[in-house]
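Asker: For reference, the structure I am asking about is given below.
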There are 2 protein chains.
Amino acid sequence: MIEKLSPLDIRTLQERVYQQLRDALYQGRFAAGETVTIRNIAAALGTSAMPVREALQRLVAEKALVQLPSRSVTVAPFALEAFTELTRIRMSIEGMATDRAAKYGPASLADTLDAINAEMQMAIASGFTEDVLEANKRFHFAIYEAADMPQLLEIISNLWLRTGPYLGMAYRKGSSVPFSMGITIHSRIIAAIRMRDGRKASQGLALDIWAMARWFKNHHLANGASDPQPAVLSSLE
Amino acid sequence: MIEKLSPLDIRTLQERVYQQLRDALYQGRFAAGETVTIRNIAAALGTSAMPVREALQRLVAEKALVQLPSRSVTVAPFALEAFTELTRIRMSIEGMATDRAAKYGPASLADTLDAINAEMQMAIASGFTEDVLEANKRFHFAIYEAADMPQLLEIISNLWLRTGPYLGMAYRKGSSVPFSMGITIHSRIIAAIRMRDGRKASQGLALDIWAMARWFKNHHLANGASDPQPAVLSSLE
DNA sequence: ATCGTTGATGTGTGATCACAGATAACTCTG
DNA sequence: CAGAGTTATCTGTGATCACACATCAACGAT
């Protein structure tokens, strides 16, 4: 009986609108600063305004979108200070998750990460940046899930939703993301996890986040004509 | 001209509903597990269902309320594991904020904190627990604001919204919260901040959070008949 | 006695509408 | 030719309604 039928999508319309918008945002498919209107999206999705407006409000509540004083909703324009602060927060919070994953995670974690890192290296070699980004995300979240702290995981997901668009945006403009350095750092993290050295793993992860942020800043500000960042970790500490 | 008129409240209805619910939740005025319906609240507030349902969805998005599979919204019932995890997260995140406040905050911070701590001691002496809780909150947030990280501040506010109800609930049941110990810990934090010792300040703050959580667990579980927690910090580390 | 059915009631969801605020182009006045 | 006022248009907000789903109690069949 069961195998003759396929499960249905019982999510509410609002939920589906939300997830579609969330994905689009995460992949940077909306331009920063772009304003997003209820009726436009409703028309694009073929729904009424109702589910769209609730999805938008939810995204605003999660800080994935911002609401102007005029009450219209826009994609947050890039702001250096906000980005720097987010990076600092991520280094701390994701570092904490990594510490716990290293100390108390399953013994199989290091092997899982090795496999993902190998896939990432292959993706780099073949040049599919989209796949590289995806593998990088999988690498990080494999660690965070191993920390076995569901609420922390959600906080981290939210932070990625806020930072993600910038990276996607940057590589969409055709820049070669320096992921090869990432591979090396990842290996160091794996080694630390294998030795259950939470401190080293956490520091490695923070370095990974920091290096990516520094690259992004230099790349982004090059187009915006501003000072490149010094290659010293302390500037973010 | 200007001084003849007083400014109006231009917030949307939804916003006002949201803030009223948020306050009520934070003060523990809703029982854990209680289900909250749109029409009831709308009737109580004298509005239509529309702004209420949007406020509720916002609170769900912020994890201040939970949505059951039946799609009705309830106040999250107390769950020990969730509380323990939240405490751990708070120790880390609020510790980070404290570290920065100590290192880079204004020189006046220590004096401000001393004043608040004195007020708190007075409130303890006079027995107004509500005032004690309020002073305690002011103490903590004076530190977090000094860290000058607006996004981090919002994350912390959200964490307090999730943890706050339990403390309010407990003291509402007539328990004497052991705040006198808090005063001592606070003094240690102030001393560390005065010396710009971020590490010590952050450890002191984590201890403050941890001690409060431990008291709550013992108190709460005493009613629920379970094992009291050992008085060792490592159990949470 | 147990399980399934039926109904009543209460609930969230989504569509639709009326309306006020915002914005920008335009017009009129000085 | 400014600058204040006007207008047209687009936007979010809030009210209201129809509907489907959830829940639970009373009832009936087995």
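By order of appearance in the structure tokens: chains A, B, ..., then residues from 1 within every chain, and ligands from 1 in the order shown.
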Would you list the contacts of stretch 151-160 of chain A as number ranges by chain, taking every protein, DNA or RNA residue within 7 Å and counting only C-alpha atoms (C1' of nucleotides), but skipping same-chain residues closer than 6 positions in sequence?
Answerer: A: 94, 144-145; B: 89
Asker: When the cut-off is 12 Å and we count only C-alpha atoms (C1' of nucleotides), which residues of chain C are near chain B, given as a list in words?
Answerer: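 Here is what falls inside 12 Å: DG10, DT11, DG12, DT13 and DG21 of chain C.
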Asker: Just to be explicit: take each residue in the selection above, keep all heavy atoms, and write the result as a compact mmCIF listing (two decimals), in the first residue's frame.
Answerer:
```txt
# COMPACT_ATOMS: atom_id res chain seq x y z
P DG C 10 -16.64 27.21 20.49
OP1 DG C 10 -16.76 27.62 21.89
OP2 DG C 10 -17.36 27.93 19.42
O5' DG C 10 -15.08 27.19 20.12
C5' DG C 10 -14.23 26.24 20.75
C4' DG C 10 -12.93 26.14 19.98
O4' DG C 10 -13.15 25.45 18.72
C3' DG C 10 -12.31 27.49 19.62
O3' DG C 10 -10.92 27.44 19.89
C2' DG C 10 -12.58 27.63 18.13
C1' DG C 10 -12.53 26.18 17.68
N9 DG C 10 -13.24 25.90 16.44
C8 DG C 10 -14.50 26.32 16.08
N7 DG C 10 -14.87 25.90 14.89
C5 DG C 10 -13.77 25.17 14.45
C6 DG C 10 -13.56 24.48 13.23
O6 DG C 10 -14.34 24.37 12.28
N1 DG C 10 -12.30 23.87 13.19
C2 DG C 10 -11.38 23.93 14.20
N2 DG C 10 -10.23 23.29 13.99
N3 DG C 10 -11.55 24.57 15.34
C4 DG C 10 -12.76 25.17 15.39
P DT C 11 -10.02 28.69 19.90
OP1 DT C 11 -9.18 28.64 21.10
OP2 DT C 11 -10.87 29.87 19.61
O5' DT C 11 -9.08 28.47 18.64
C5' DT C 11 -8.19 27.36 18.64
C4' DT C 11 -7.65 27.16 17.26
O4' DT C 11 -8.73 26.74 16.40
C3' DT C 11 -7.16 28.44 16.60
O3' DT C 11 -5.79 28.64 16.89
C2' DT C 11 -7.35 28.15 15.11
C1' DT C 11 -8.33 26.99 15.07
N1 DT C 11 -9.55 27.26 14.27
C2 DT C 11 -9.63 26.72 13.02
O2 DT C 11 -8.75 26.06 12.52
N3 DT C 11 -10.80 27.01 12.35
C4 DT C 11 -11.86 27.76 12.81
O4 DT C 11 -12.86 27.95 12.11
C5 DT C 11 -11.70 28.29 14.13
C7 DT C 11 -12.81 29.12 14.73
C6 DT C 11 -10.58 28.01 14.80
P DG C 12 -5.07 29.94 16.33
OP1 DG C 12 -3.87 30.15 17.16
OP2 DG C 12 -6.08 31.00 16.20
O5' DG C 12 -4.61 29.50 14.88
C5' DG C 12 -3.64 28.47 14.75
C4' DG C 12 -3.52 28.06 13.29
O4' DG C 12 -4.84 27.87 12.74
C3' DG C 12 -2.83 29.07 12.39
O3' DG C 12 -2.01 28.38 11.46
C2' DG C 12 -3.99 29.78 11.71
C1' DG C 12 -5.01 28.66 11.57
N9 DG C 12 -6.39 29.12 11.54
C8 DG C 12 -7.04 29.86 12.49
N7 DG C 12 -8.28 30.12 12.19
C5 DG C 12 -8.47 29.51 10.96
C6 DG C 12 -9.62 29.44 10.13
O6 DG C 12 -10.73 29.92 10.34
N1 DG C 12 -9.37 28.72 8.98
C2 DG C 12 -8.18 28.13 8.64
N2 DG C 12 -8.11 27.49 7.48
N3 DG C 12 -7.10 28.18 9.41
C4 DG C 12 -7.32 28.89 10.54
P DT C 13 -1.16 29.18 10.40
OP1 DT C 13 0.03 28.38 10.09
OP2 DT C 13 -1.04 30.57 10.87
O5' DT C 13 -2.12 29.18 9.13
C5' DT C 13 -2.38 27.94 8.47
C4' DT C 13 -3.08 28.21 7.16
O4' DT C 13 -4.42 28.70 7.41
C3' DT C 13 -2.40 29.25 6.26
O3' DT C 13 -2.21 28.65 5.00
C2' DT C 13 -3.39 30.41 6.22
C1' DT C 13 -4.72 29.74 6.52
N1 DT C 13 -5.76 30.57 7.20
C2 DT C 13 -7.01 30.68 6.63
O2 DT C 13 -7.31 30.14 5.59
N3 DT C 13 -7.90 31.44 7.35
C4 DT C 13 -7.67 32.10 8.55
O4 DT C 13 -8.55 32.76 9.11
C5 DT C 13 -6.34 31.94 9.09
C7 DT C 13 -5.98 32.60 10.38
C6 DT C 13 -5.45 31.19 8.40
P DG C 21 -2.10 58.40 7.23
OP1 DG C 21 -2.08 58.52 8.69
OP2 DG C 21 -2.63 59.49 6.37
O5' DG C 21 -0.62 58.09 6.73
C5' DG C 21 0.03 56.92 7.21
C4' DG C 21 1.13 56.53 6.24
O4' DG C 21 0.54 56.07 5.00
C3' DG C 21 2.08 57.67 5.87
O3' DG C 21 3.41 57.22 6.07
C2' DG C 21 1.78 57.94 4.39
C1' DG C 21 1.25 56.60 3.91
N9 DG C 21 0.30 56.70 2.80
C8 DG C 21 -0.89 57.38 2.79
N7 DG C 21 -1.54 57.27 1.66
C5 DG C 21 -0.73 56.46 0.88
C6 DG C 21 -0.91 55.98 -0.44
O6 DG C 21 -1.85 56.21 -1.21
N1 DG C 21 0.15 55.17 -0.85
C2 DG C 21 1.24 54.87 -0.08
N2 DG C 21 2.17 54.08 -0.64
N3 DG C 21 1.43 55.31 1.16
C4 DG C 21 0.41 56.09 1.57
```
Asker: Residues within 12 Å of D:DT7, please, as a list in words. Count only C-alpha atoms (C1' of nucleotides); anything in the same chain fewer than 2 positions from it doesn't count.
Answerer: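 The neighbour list is DT23, DA24, DA25, DC26 and DT27 of chain C; DG5 and DT9 of chain D.
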Asker: Mind writing the picked residues with all heavy atoms as a tab-separated table (two decimals), in the first residue's frame?
Answerer:
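result33.tsv, written as the output of this step:
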```tsv
chain	number	residue	atom	x	y	z
C	23	DT	P	9.42	57.51	1.22
C	23	DT	OP1	10.56	56.60	1.46
C	23	DT	OP2	9.35	58.83	1.87
C	23	DT	O5'	9.26	57.70	-0.35
C	23	DT	C5'	8.80	56.61	-1.13
C	23	DT	C4'	8.62	57.06	-2.57
C	23	DT	O4'	7.26	57.51	-2.78
C	23	DT	C3'	9.52	58.23	-2.98
C	23	DT	O3'	10.19	57.87	-4.17
C	23	DT	C2'	8.57	59.39	-3.16
C	23	DT	C1'	7.27	58.67	-3.54
C	23	DT	N1	6.01	59.40	-3.23
C	23	DT	C2	4.97	59.35	-4.13
C	23	DT	O2	5.03	58.75	-5.18
C	23	DT	N3	3.84	60.04	-3.75
C	23	DT	C4	3.66	60.77	-2.57
C	23	DT	O4	2.61	61.34	-2.34
C	23	DT	C5	4.79	60.77	-1.68
C	23	DT	C7	4.70	61.52	-0.38
C	23	DT	C6	5.90	60.09	-2.04
C	24	DA	P	11.50	58.69	-4.63
C	24	DA	OP1	12.61	57.71	-4.79
C	24	DA	OP2	11.69	59.87	-3.77
C	24	DA	O5'	11.05	59.17	-6.08
C	24	DA	C5'	10.18	58.34	-6.85
C	24	DA	C4'	9.39	59.19	-7.80
C	24	DA	O4'	8.23	59.75	-7.12
C	24	DA	C3'	10.16	60.40	-8.35
C	24	DA	O3'	9.87	60.54	-9.73
C	24	DA	C2'	9.60	61.56	-7.56
C	24	DA	C1'	8.16	61.13	-7.43
C	24	DA	N9	7.42	61.80	-6.36
C	24	DA	C8	7.89	62.21	-5.15
C	24	DA	N7	6.99	62.79	-4.39
C	24	DA	C5	5.84	62.76	-5.16
C	24	DA	C6	4.53	63.21	-4.94
C	24	DA	N6	4.15	63.83	-3.80
C	24	DA	N1	3.62	63.01	-5.91
C	24	DA	C2	4.00	62.41	-7.03
C	24	DA	N3	5.20	61.94	-7.37
C	24	DA	C4	6.08	62.15	-6.37
C	25	DA	P	10.90	61.25	-10.69
C	25	DA	OP1	11.78	60.20	-11.26
C	25	DA	OP2	11.49	62.42	-10.01
C	25	DA	O5'	9.93	61.77	-11.86
C	25	DA	C5'	8.87	60.93	-12.32
C	25	DA	C4'	7.62	61.77	-12.56
C	25	DA	O4'	7.10	62.23	-11.29
C	25	DA	C3'	7.87	63.03	-13.40
C	25	DA	O3'	6.88	63.09	-14.43
C	25	DA	C2'	7.72	64.18	-12.42
C	25	DA	C1'	6.74	63.60	-11.41
C	25	DA	N9	6.85	64.19	-10.06
C	25	DA	C8	7.97	64.31	-9.30
C	25	DA	N7	7.76	64.89	-8.14
C	25	DA	C5	6.41	65.16	-8.15
C	25	DA	C6	5.56	65.78	-7.20
C	25	DA	N6	5.98	66.23	-6.01
C	25	DA	N1	4.24	65.90	-7.51
C	25	DA	C2	3.83	65.44	-8.69
C	25	DA	N3	4.52	64.85	-9.66
C	25	DA	C4	5.82	64.74	-9.32
C	26	DC	P	6.97	64.16	-15.59
C	26	DC	OP1	6.46	63.52	-16.81
C	26	DC	OP2	8.32	64.75	-15.56
C	26	DC	O5'	5.92	65.26	-15.13
C	26	DC	C5'	4.58	64.86	-14.80
C	26	DC	C4'	3.89	65.99	-14.08
C	26	DC	O4'	4.47	66.17	-12.79
C	26	DC	C3'	4.00	67.36	-14.78
C	26	DC	O3'	2.72	67.72	-15.29
C	26	DC	C2'	4.48	68.31	-13.68
C	26	DC	C1'	4.27	67.51	-12.40
C	26	DC	N1	5.23	67.81	-11.29
C	26	DC	C2	4.75	68.42	-10.12
C	26	DC	O2	3.55	68.69	-10.02
C	26	DC	N3	5.62	68.69	-9.11
C	26	DC	C4	6.92	68.37	-9.25
C	26	DC	N4	7.73	68.65	-8.23
C	26	DC	C5	7.42	67.75	-10.43
C	26	DC	C6	6.56	67.50	-11.42
C	27	DT	P	2.59	68.98	-16.24
C	27	DT	OP1	1.57	68.67	-17.27
C	27	DT	OP2	3.92	69.45	-16.64
C	27	DT	O5'	1.97	70.02	-15.22
C	27	DT	C5'	0.93	69.62	-14.32
C	27	DT	C4'	0.62	70.75	-13.36
C	27	DT	O4'	1.60	70.77	-12.28
C	27	DT	C3'	0.65	72.15	-13.99
C	27	DT	O3'	-0.52	72.86	-13.59
C	27	DT	C2'	1.91	72.79	-13.42
C	27	DT	C1'	2.03	72.09	-12.07
C	27	DT	N1	3.41	72.02	-11.51
C	27	DT	C2	3.64	72.43	-10.21
C	27	DT	O2	2.76	72.84	-9.49
C	27	DT	N3	4.95	72.31	-9.80
C	27	DT	C4	6.03	71.84	-10.54
C	27	DT	O4	7.14	71.79	-10.05
C	27	DT	C5	5.72	71.45	-11.89
C	27	DT	C7	6.80	70.94	-12.78
C	27	DT	C6	4.45	71.56	-12.31
D	5	DG	P	2.96	74.98	0.83
D	5	DG	OP1	2.08	75.90	1.57
D	5	DG	OP2	3.71	73.92	1.53
D	5	DG	O5'	2.09	74.31	-0.33
D	5	DG	C5'	1.37	75.16	-1.21
D	5	DG	C4'	0.84	74.35	-2.38
D	5	DG	O4'	1.95	73.78	-3.12
D	5	DG	C3'	-0.06	73.17	-1.99
D	5	DG	O3'	-1.29	73.31	-2.67
D	5	DG	C2'	0.71	71.92	-2.45
D	5	DG	C1'	1.62	72.47	-3.53
D	5	DG	N9	2.89	71.75	-3.70
D	5	DG	C8	3.89	71.62	-2.76
D	5	DG	N7	4.93	70.94	-3.20
D	5	DG	C5	4.58	70.60	-4.51
D	5	DG	C6	5.30	69.87	-5.49
D	5	DG	O6	6.41	69.35	-5.38
D	5	DG	N1	4.59	69.77	-6.68
D	5	DG	C2	3.34	70.30	-6.89
D	5	DG	N2	2.80	70.10	-8.10
D	5	DG	N3	2.66	70.99	-5.99
D	5	DG	C4	3.33	71.11	-4.83
D	9	DT	P	-2.25	57.21	-12.77
D	9	DT	OP1	-1.94	56.92	-14.17
D	9	DT	OP2	-3.63	57.07	-12.25
D	9	DT	O5'	-1.26	56.36	-11.85
D	9	DT	C5'	0.16	56.60	-11.95
D	9	DT	C4'	0.86	55.87	-10.82
D	9	DT	O4'	0.67	56.59	-9.58
D	9	DT	C3'	0.37	54.44	-10.57
D	9	DT	O3'	1.48	53.57	-10.67
D	9	DT	C2'	-0.20	54.48	-9.15
D	9	DT	C1'	0.59	55.64	-8.55
D	9	DT	N1	-0.05	56.30	-7.38
D	9	DT	C2	0.71	56.56	-6.27
D	9	DT	O2	1.89	56.28	-6.20
D	9	DT	N3	0.04	57.18	-5.24
D	9	DT	C4	-1.31	57.54	-5.22
D	9	DT	O4	-1.79	58.08	-4.24
D	9	DT	C5	-2.04	57.23	-6.41
D	9	DT	C7	-3.50	57.57	-6.50
D	9	DT	C6	-1.39	56.62	-7.43
```
Asker: Check stretch 51-193 of chain A with DSSP on the backbone and list each residue it calls helix (DSSP H, G or I), as a count of residues only.
Answerer: 110
Asker: For chain A, which residue among D:DA25, D:DA2, D:DC17, D:DC10 is the nearest when counting only C-alpha atoms (C1' of nucleotides)?
Answerer: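 Looking at the shortest contact to chain A, the residue is D:DC10.
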Asker: Taking only stretch 6-231 of chain A into account, list the residues labelled strand (DSSP E) by DSSP (computed from the backbone), as an NGL selection string.
Answerer: :A and (35-36 or 66-67 or 73-74)
Asker: Please, could you write that set of residues out with all heavy atoms as a PDB file, in the first residue's frame?
Answerer:
```pdb
ATOM      1  N   THR A  35      14.869  46.580  -3.417  1.00  0.00           N
ATOM      2  CA  THR A  35      13.674  46.502  -2.574  1.00  0.00           C
ATOM      3  C   THR A  35      12.723  45.464  -3.135  1.00  0.00           C
ATOM      4  O   THR A  35      12.613  45.267  -4.339  1.00  0.00           O
ATOM      5  CB  THR A  35      12.961  47.877  -2.427  1.00  0.00           C
ATOM      6  OG1 THR A  35      11.714  47.837  -3.122  1.00  0.00           O
ATOM      7  CG2 THR A  35      13.799  49.009  -2.926  1.00  0.00           C
ATOM      8  N   VAL A  36      12.086  44.804  -2.220  1.00  0.00           N
ATOM      9  CA  VAL A  36      11.306  43.609  -2.507  1.00  0.00           C
ATOM     10  C   VAL A  36       9.858  43.885  -2.113  1.00  0.00           C
ATOM     11  O   VAL A  36       9.585  44.230  -0.975  1.00  0.00           O
ATOM     12  CB  VAL A  36      11.898  42.451  -1.663  1.00  0.00           C
ATOM     13  CG1 VAL A  36      10.848  41.414  -1.372  1.00  0.00           C
ATOM     14  CG2 VAL A  36      13.104  41.854  -2.360  1.00  0.00           C
ATOM     15  N   VAL A  66      15.759  43.590   5.654  1.00  0.00           N
ATOM     16  CA  VAL A  66      15.588  44.723   6.560  1.00  0.00           C
ATOM     17  C   VAL A  66      14.381  45.545   6.139  1.00  0.00           C
ATOM     18  O   VAL A  66      14.029  45.602   4.967  1.00  0.00           O
ATOM     19  CB  VAL A  66      16.829  45.624   6.594  1.00  0.00           C
ATOM     20  CG1 VAL A  66      18.005  44.883   7.169  1.00  0.00           C
ATOM     21  CG2 VAL A  66      17.141  46.163   5.217  1.00  0.00           C
ATOM     22  N   GLN A  67      13.774  46.159   7.123  1.00  0.00           N
ATOM     23  CA  GLN A  67      12.604  46.969   6.866  1.00  0.00           C
ATOM     24  C   GLN A  67      12.974  48.438   7.013  1.00  0.00           C
ATOM     25  O   GLN A  67      13.471  48.849   8.051  1.00  0.00           O
ATOM     26  CB  GLN A  67      11.497  46.592   7.861  1.00  0.00           C
ATOM     27  CG  GLN A  67      10.125  46.984   7.390  1.00  0.00           C
ATOM     28  CD  GLN A  67       9.056  46.263   8.176  1.00  0.00           C
ATOM     29  OE1 GLN A  67       9.295  45.842   9.312  1.00  0.00           O
ATOM     30  NE2 GLN A  67       7.870  46.142   7.591  1.00  0.00           N
ATOM     31  N   VAL A  73      10.387  46.596   2.359  1.00  0.00           N
ATOM     32  CA  VAL A  73      11.402  45.612   2.714  1.00  0.00           C
ATOM     33  C   VAL A  73      12.478  45.567   1.640  1.00  0.00           C
ATOM     34  O   VAL A  73      12.166  45.556   0.455  1.00  0.00           O
ATOM     35  CB  VAL A  73      10.744  44.228   2.873  1.00  0.00           C
ATOM     36  CG1 VAL A  73      11.787  43.139   2.982  1.00  0.00           C
ATOM     37  CG2 VAL A  73       9.835  44.231   4.083  1.00  0.00           C
ATOM     38  N   THR A  74      13.729  45.561   2.077  1.00  0.00           N
ATOM     39  CA  THR A  74      14.825  45.511   1.124  1.00  0.00           C
ATOM     40  C   THR A  74      15.874  44.503   1.561  1.00  0.00           C
ATOM     41  O   THR A  74      15.922  44.087   2.713  1.00  0.00           O
ATOM     42  CB  THR A  74      15.529  46.876   0.996  1.00  0.00           C
ATOM     43  OG1 THR A  74      16.256  47.112   2.213  1.00  0.00           O
ATOM     44  CG2 THR A  74      14.541  47.996   0.780  1.00  0.00           C
TER      45      THR A  74
END
```
Asker: To one decimal place in Å, what is the distance between atom CA of A:Leu113 and atom CA of A:Met149?
Answerer: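 A separation of 18.5 Å between them.
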Asker: Determine, for each residue of chain D having at least one atom at most 7 Å from an atom of chain B, the closest pair of atoms and their separation in Å to one decimal, counting only C-alpha atoms (C1' of nucleotides); order by chain and ascending number, as a tab-separated table.
Answerer:
```
residue	atom	partner	partner_atom	distance
D:DG14	C1'	B:Met50	CA	6.3
D:DA15	C1'	B:Ser48	CA	6.5
D:DA22	C1'	B:Ser70	CA	6.8
```
